[in-house]
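Since the structure comes first, as structure tokens, the remarks are kept for the end.
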Number of protein chains: 2
Amino acid sequence: MPTPQRWTPRGWTDAPNAAGWQLPGIANLHSHAFQRAMAGLAERRTIEARPARPGDAQDSFWTWRETMYRFAARFDPDTLHAVASQLYVEMLEAGYTTVCEFHYLHHAPDGRPYDDPAAMSRALIRAAHDTGIRLTLLPVLYMSGGFDGRPLTERQRRFGHDVDAYLRLLDGLRAEVGDAVRVGCALHSLRAVPADAMRTVLAALPRDSRVHIHIAEQIGEVQDCLAVRDARPVEWLLDNAEVDTRWTLVHATHLTPDEVQGIARSGATVALCPTTEANLGDGLFPLRDYLDVRGAWGIGSDSHISVSPVEELRWLEYGQRLATRHRNIAVGNDSPSVGETLLREVTKTAANATGFQGVDDVVVLDAQSPQFAGATTEDAVDRWIFSGNRNPVREVTVAGVRVVAEGRHQHRDAVATGYADAMRHLMG
Amino acid sequence: MPTPQRWTPRGWTDAPNAAGWQLPGIANLHSHAFQRAMAGLAERRTIEARPARPGDAQDSFWTWRETMYRFAARFDPDTLHAVASQLYVEMLEAGYTTVCEFHYLHHAPDGRPYDDPAAMSRALIRAAHDTGIRLTLLPVLYMSGGFDGRPLTERQRRFGHDVDAYLRLLDGLRAEVGDAVRVGCALHSLRAVPADAMRTVLAALPRDSRVHIHIAEQIGEVQDCLAVRDARPVEWLLDNAEVDTRWTLVHATHLTPDEVQGIARSGATVALCPTTEANLGDGLFPLRDYLDVRGAWGIGSDSHISVSPVEELRWLEYGQRLATRHRNIAVGNDSPSVGETLLREVTKTAANATGFQGVDDVVVLDAQSPQFAGATTEDAVDRWIFSGNRNPVREVTVAGVRVVAEGRHQHRDAVATGYADAMRHLMG
């Protein structure tokens, strides 16, 4: 029986610690931490006037968003810290060691900035620090309610800034950057950021700043963009911004072949969120076509109805199999293994999307788990991604600190208690 | 904060044990136990001559079957007992309390019957007894290699019987029927059972025998059936057998609207296996249309790349969302909750498919888990199915015996040791 080894994008190497199969930490490229509190609470028909037939157009992404807005209204910095801490514990226990926070819950419920306008950002930084996950904080610029430039609604006021206030927020947060914290920029979406504001902000950013944006998630958004800007969202962005390796396009579900090629050529990373995109009924990203043109991509848990790189990668591949009616879609030239191909792809793009270079976080999978009985270097990664439901993550080390041992985060119980208190407040 | 209660298809009731949310045990309607040993081992390109483009037709269900045949050749009754025991422990810990074994690994590797022709069946019965799961054993009749009646290949000889030997096998197993064991009949598929053999076997079965059959899983199978029998598989079966509530049609993926109506009218149960059907790239069952005509269905873990009613039900619903681009597809008239609708459906069909009547097995979900922080009867089932990745099953009681406590099967460690030994033998 072979000894467990350490996987790297260049192949397997001997591992000093033979307790288990060692993998690199996974970067979670897209997170809205507060949504962890509503996981499981939007899986019901919420429309009073029930449509003639379940599944009709009324019950779509846009009704989910209503639930999300109701929840968003209840948060303050303390509850956000408690919910984010629970989420980050779950991420670390699942093998994520870096999280990109696409953070738009900036102000008090009435839309006024807190005394410290960065209070909610600091709550996230505190949660990351307390739990030991790397954080790429991406404060979100959110200015208008649609492509026509309409103002934010009352429920969106917590999210909004003008350009000057937004740039001040970013500037104020730069002091927080450290070994385990990066600060980048997020544009909520083309519909929420007018073209001139986008240009002003991009011009003001430091040269190496990461830029993330939601794009082409919904067909309605593509249609609205076509109607107002006479171009599809990705097409418009590629024509109107210097999209390069510093950019992460979130979702990018609905693409033409030209857009598939255009993203790949730009060097941008696509953040795929398979569990959320399935939960919301968004549709399937054209992964096989994108791999054919060597496009870069990673994964995110987004709304956190699931917090598991295994479920994201497993169902990314399965979605493609269901759509094509073939097996083993994500196979590259470097390995015949689907699991290794997926792991190599998400590993090689992490630095571009997160801004963390030279990371060597380690995730150790329990070699004694039945999932790995008889495992070899040929199949160990496939066993992790494509078999079983018990989480075999046994140890996680981030920036040299072992935060998970024996499968449990060092602060699991204390964080869960704080989360339960916050949930009583939020559900009350 | 409400006290956890017990869910029944008629609504929530007070629970004597307030330790957690109580659900009925879930019936697993389709299992090939031996395939548990190869979970994760077929997720790689196995074709020497790599197709021009990954995902081409060569890499399909039929290449997966090659891996399965290689594995099947290595089993004997002891290794089958060890692998099935591990599988049943995993099922019980996940909330399955009954399993239907669609069992075709009958003979020695050279195709000759064992001294006891039921030796492999008895290995499964022993595994069920040792672990405490209810078993509906369905020995499989497998006679030919295609619709044209071609004989079995060398690698299929372990699976085969003539009609007389098959009926003797069933007769010999009836003495095993008891409180937690049922014996029914499985026809492998229309392509593996000639029409006259099917009629002879069905006529010889006891009046209340359950009958399970693989049907319409692959488009190739539909085309072959059309070519040889001038009808689609489900269409042909409904015209040539008295299909009623005793029948379970496994997969039934590729259906016309008439076939959807026909199955629903017959009273048969469809066994859906969403994780296996996705892994194999089979396609999506038309669930919404089938619910509209009040068709009966349940779930199975089939090849056991996953062993979790949560993953089956979650992705059954998500697959429909991706295909329709709408949310909350499986919602009935009894509850606005998708989770409760799914749970009600699988609960009400279990007795028809398994042959066990009046079962009151109980699964207790840990109310202290963060997944249930703030839970109410309105959302508890949705939280179970549609959030998180930690398994919250805390206790499982089958036929009055508590087999899982504190989330662990009472024999978890001993069974895992036996499984590891068996895997060394099987992988060697």
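Ordering of the structure tokens sets the chain letters (A, B, ...); residue numbers start at 1 within each chain; ligands are numbered from 1 in the order shown.
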Check: which chain A residues lie within 7 Å of chain B using only C-alpha atoms, as a count of residues only: 49
In range 133-339 of chain A, DSSP strand (DSSP E) residues written as a ChimeraX atom specification: /A:134-141,181-183,185-187,211-215,247-251,269-272,296-299
Written file, previous selection with C-alpha atoms, as a PDB file, in the first residue's frame:
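Final file, result-v6.pdb:
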```
ATOM      1  CA  ARG A 134      -6.629  34.469   4.483  1.00  0.00           C
ATOM      2  CA  LEU A 135      -8.928  37.291   3.399  1.00  0.00           C
ATOM      3  CA  THR A 136      -9.061  39.254   0.175  1.00  0.00           C
ATOM      4  CA  LEU A 137     -11.543  41.967   1.109  1.00  0.00           C
ATOM      5  CA  LEU A 138     -13.340  43.408  -1.895  1.00  0.00           C
ATOM      6  CA  PRO A 139     -15.539  46.324  -0.828  1.00  0.00           C
ATOM      7  CA  VAL A 140     -18.253  46.643  -3.441  1.00  0.00           C
ATOM      8  CA  LEU A 141     -19.157  49.748  -5.409  1.00  0.00           C
ATOM      9  CA  VAL A 181      -5.214  40.381   4.406  1.00  0.00           C
ATOM     10  CA  ARG A 182      -5.448  41.941   0.959  1.00  0.00           C
ATOM     11  CA  VAL A 183      -7.801  44.721  -0.127  1.00  0.00           C
ATOM     12  CA  CYS A 185     -11.976  46.417  -5.577  1.00  0.00           C
ATOM     13  CA  ALA A 186     -15.338  44.972  -6.519  1.00  0.00           C
ATOM     14  CA  LEU A 187     -17.750  46.490  -8.994  1.00  0.00           C
ATOM     15  CA  VAL A 211     -10.894  43.854  -9.552  1.00  0.00           C
ATOM     16  CA  HIS A 212     -13.866  41.520  -9.220  1.00  0.00           C
ATOM     17  CA  ILE A 213     -17.256  41.945 -10.893  1.00  0.00           C
ATOM     18  CA  HIS A 214     -20.532  40.000 -11.138  1.00  0.00           C
ATOM     19  CA  ILE A 215     -21.277  39.520 -14.808  1.00  0.00           C
ATOM     20  CA  TRP A 247      -9.601  40.750 -13.050  1.00  0.00           C
ATOM     21  CA  THR A 248     -12.029  38.124 -11.797  1.00  0.00           C
ATOM     22  CA  LEU A 249     -15.346  37.795 -13.605  1.00  0.00           C
ATOM     23  CA  VAL A 250     -17.899  36.187 -11.314  1.00  0.00           C
ATOM     24  CA  HIS A 251     -20.328  33.691 -12.907  1.00  0.00           C
ATOM     25  CA  THR A 269     -10.134  34.481 -14.049  1.00  0.00           C
ATOM     26  CA  VAL A 270     -13.754  33.336 -14.079  1.00  0.00           C
ATOM     27  CA  ALA A 271     -15.153  32.602 -10.590  1.00  0.00           C
ATOM     28  CA  LEU A 272     -17.603  29.736 -10.991  1.00  0.00           C
ATOM     29  CA  ALA A 296      -8.516  30.555 -16.289  1.00  0.00           C
ATOM     30  CA  TRP A 297     -11.131  29.805 -13.635  1.00  0.00           C
ATOM     31  CA  GLY A 298     -11.627  29.054  -9.951  1.00  0.00           C
ATOM     32  CA  ILE A 299     -14.536  28.376  -7.608  1.00  0.00           C
TER      33      ILE A 299
END
```
Surrounding residues of Gln410 in chain B excluding itself and chain neighbours under 2 positions, 12 Å, only C-alpha atoms, as a list in words: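 Returned residues: Val89, Glu90, Leu92, Glu93, Asp130, Thr131, Gly132, Glu395, Val396, Thr397, Val401, Arg402, Val403, Val404, Ala405, Glu406, Gly407, Arg408, Arg412, Asp413, Ala414, Val415 and Ala416 of chain B.
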Can you write out the residues you just picked, keeping C-alpha atoms, as a compact mmCIF listing (two decimals), in the first residue's frame?
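And here's part.txt as it stands now:
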```txt
# COMPACT_ATOMS: atom_id res chain seq x y z
CA VAL B 89 -22.91 1.71 7.84
CA GLU B 90 -22.51 4.79 5.63
CA LEU B 92 -27.43 4.35 8.16
CA GLU B 93 -25.23 7.24 9.26
CA ASP B 130 -24.75 -7.19 11.02
CA THR B 131 -25.29 -3.47 10.46
CA GLY B 132 -29.01 -3.31 11.22
CA GLU B 395 -29.31 9.05 15.99
CA VAL B 396 -30.91 6.40 13.81
CA THR B 397 -33.33 3.78 15.08
CA VAL B 401 -32.84 -0.71 17.61
CA ARG B 402 -30.65 2.39 17.89
CA VAL B 403 -27.88 1.63 15.40
CA VAL B 404 -26.42 5.17 15.17
CA ALA B 405 -25.74 7.28 18.27
CA GLU B 406 -23.76 10.54 18.48
CA GLY B 407 -23.49 10.38 14.69
CA ARG B 408 -21.58 7.10 14.67
CA ARG B 412 -18.24 1.86 12.55
CA ASP B 413 -14.62 1.10 13.41
CA ALA B 414 -14.80 -2.70 13.18
CA VAL B 415 -16.60 -2.51 9.86
CA ALA B 416 -14.07 0.00 8.49
```
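Counting only C-alpha atoms and comparing A:Gln156, A:Thr3, A:Thr354, A:Thr245, the residue that lies closest to Phe102 in chain A is A:Thr354.
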Neighbour list for Leu238 in chain B as a ChimeraX atom specification, cut-off 9 Å, only C-alpha atoms, skip fewer than 4 positions in-chain: /B:233-234,242-243,259,262-263,266
Polymer residues at most 10 Å from Asp76 in chain A, only C-alpha atoms, same-chain spacing of 6 or more positions, as a ChimeraX atom specification: /A:105-109,114,119-120,123,426
Nearby residues (only C-alpha atoms) at most 12 Å from Val228 in chain A, same-chain spacing under 2 positions excluded, as a PyMOL selection string: chain A and resi 146-149+190-191+194-195+221-226+230-233+236
Written selection (N, CA and C atoms) as a PDB file, in the first residue's frame:
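Contents of part-v6.pdb, as written:
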```pdb
ATOM      1  N   GLY A 146     -30.157  49.810 -11.805  1.00  0.00           N
ATOM      2  CA  GLY A 146     -30.374  49.201 -13.116  1.00  0.00           C
ATOM      3  C   GLY A 146     -29.546  49.887 -14.182  1.00  0.00           C
ATOM      4  N   PHE A 147     -29.528  49.298 -15.384  1.00  0.00           N
ATOM      5  CA  PHE A 147     -28.730  49.861 -16.478  1.00  0.00           C
ATOM      6  C   PHE A 147     -29.188  51.265 -16.856  1.00  0.00           C
ATOM      7  N   ASP A 148     -30.443  51.593 -16.524  1.00  0.00           N
ATOM      8  CA  ASP A 148     -30.947  52.932 -16.867  1.00  0.00           C
ATOM      9  C   ASP A 148     -30.493  53.983 -15.860  1.00  0.00           C
ATOM     10  N   GLY A 149     -29.702  53.584 -14.862  1.00  0.00           N
ATOM     11  CA  GLY A 149     -29.171  54.549 -13.907  1.00  0.00           C
ATOM     12  C   GLY A 149     -30.132  54.929 -12.797  1.00  0.00           C
ATOM     13  N   LEU A 190     -22.355  45.507 -13.985  1.00  0.00           N
ATOM     14  CA  LEU A 190     -22.486  46.634 -14.917  1.00  0.00           C
ATOM     15  C   LEU A 190     -23.780  47.398 -14.658  1.00  0.00           C
ATOM     16  N   ARG A 191     -24.823  46.689 -14.218  1.00  0.00           N
ATOM     17  CA  ARG A 191     -26.092  47.404 -14.007  1.00  0.00           C
ATOM     18  C   ARG A 191     -26.040  48.314 -12.782  1.00  0.00           C
ATOM     19  N   PRO A 194     -22.417  52.835 -13.128  1.00  0.00           N
ATOM     20  CA  PRO A 194     -22.427  53.562 -14.413  1.00  0.00           C
ATOM     21  C   PRO A 194     -21.041  53.553 -15.057  1.00  0.00           C
ATOM     22  N   ALA A 195     -21.019  53.645 -16.370  1.00  0.00           N
ATOM     23  CA  ALA A 195     -19.761  53.499 -17.109  1.00  0.00           C
ATOM     24  C   ALA A 195     -18.724  54.541 -16.682  1.00  0.00           C
ATOM     25  N   GLU A 221     -30.258  40.054 -17.317  1.00  0.00           N
ATOM     26  CA  GLU A 221     -29.183  41.045 -17.254  1.00  0.00           C
ATOM     27  C   GLU A 221     -28.531  41.217 -18.634  1.00  0.00           C
ATOM     28  N   VAL A 222     -28.363  40.107 -19.351  1.00  0.00           N
ATOM     29  CA  VAL A 222     -27.787  40.189 -20.699  1.00  0.00           C
ATOM     30  C   VAL A 222     -28.710  40.997 -21.604  1.00  0.00           C
ATOM     31  N   GLN A 223     -30.009  40.725 -21.483  1.00  0.00           N
ATOM     32  CA  GLN A 223     -30.980  41.427 -22.334  1.00  0.00           C
ATOM     33  C   GLN A 223     -31.008  42.918 -22.019  1.00  0.00           C
ATOM     34  N   ASP A 224     -30.984  43.264 -20.722  1.00  0.00           N
ATOM     35  CA  ASP A 224     -30.999  44.679 -20.340  1.00  0.00           C
ATOM     36  C   ASP A 224     -29.760  45.399 -20.848  1.00  0.00           C
ATOM     37  N   CYS A 225     -28.622  44.733 -20.754  1.00  0.00           N
ATOM     38  CA  CYS A 225     -27.370  45.346 -21.200  1.00  0.00           C
ATOM     39  C   CYS A 225     -27.406  45.584 -22.709  1.00  0.00           C
ATOM     40  N   LEU A 226     -27.897  44.589 -23.431  1.00  0.00           N
ATOM     41  CA  LEU A 226     -28.036  44.738 -24.885  1.00  0.00           C
ATOM     42  C   LEU A 226     -28.943  45.915 -25.222  1.00  0.00           C
ATOM     43  N   ASP A 230     -26.180  48.287 -26.034  1.00  0.00           N
ATOM     44  CA  ASP A 230     -26.016  47.733 -27.374  1.00  0.00           C
ATOM     45  C   ASP A 230     -24.874  46.706 -27.443  1.00  0.00           C
ATOM     46  N   ALA A 231     -24.639  46.043 -26.346  1.00  0.00           N
ATOM     47  CA  ALA A 231     -23.626  44.984 -26.322  1.00  0.00           C
ATOM     48  C   ALA A 231     -23.955  44.061 -25.157  1.00  0.00           C
ATOM     49  N   ARG A 232     -23.511  42.851 -25.245  1.00  0.00           N
ATOM     50  CA  ARG A 232     -23.679  41.923 -24.130  1.00  0.00           C
ATOM     51  C   ARG A 232     -22.719  42.302 -23.011  1.00  0.00           C
ATOM     52  N   PRO A 233     -22.984  41.915 -21.755  1.00  0.00           N
ATOM     53  CA  PRO A 233     -22.158  42.406 -20.644  1.00  0.00           C
ATOM     54  C   PRO A 233     -20.667  42.112 -20.808  1.00  0.00           C
ATOM     55  N   TRP A 236     -19.229  44.077 -23.680  1.00  0.00           N
ATOM     56  CA  TRP A 236     -19.076  45.497 -23.339  1.00  0.00           C
ATOM     57  C   TRP A 236     -17.865  45.709 -22.440  1.00  0.00           C
TER      58      TRP A 236
END
```
One-decimal distance in Å that lies between CA of Tyr69 in chain A and CA of Met91 in chain A: 23.9 Å
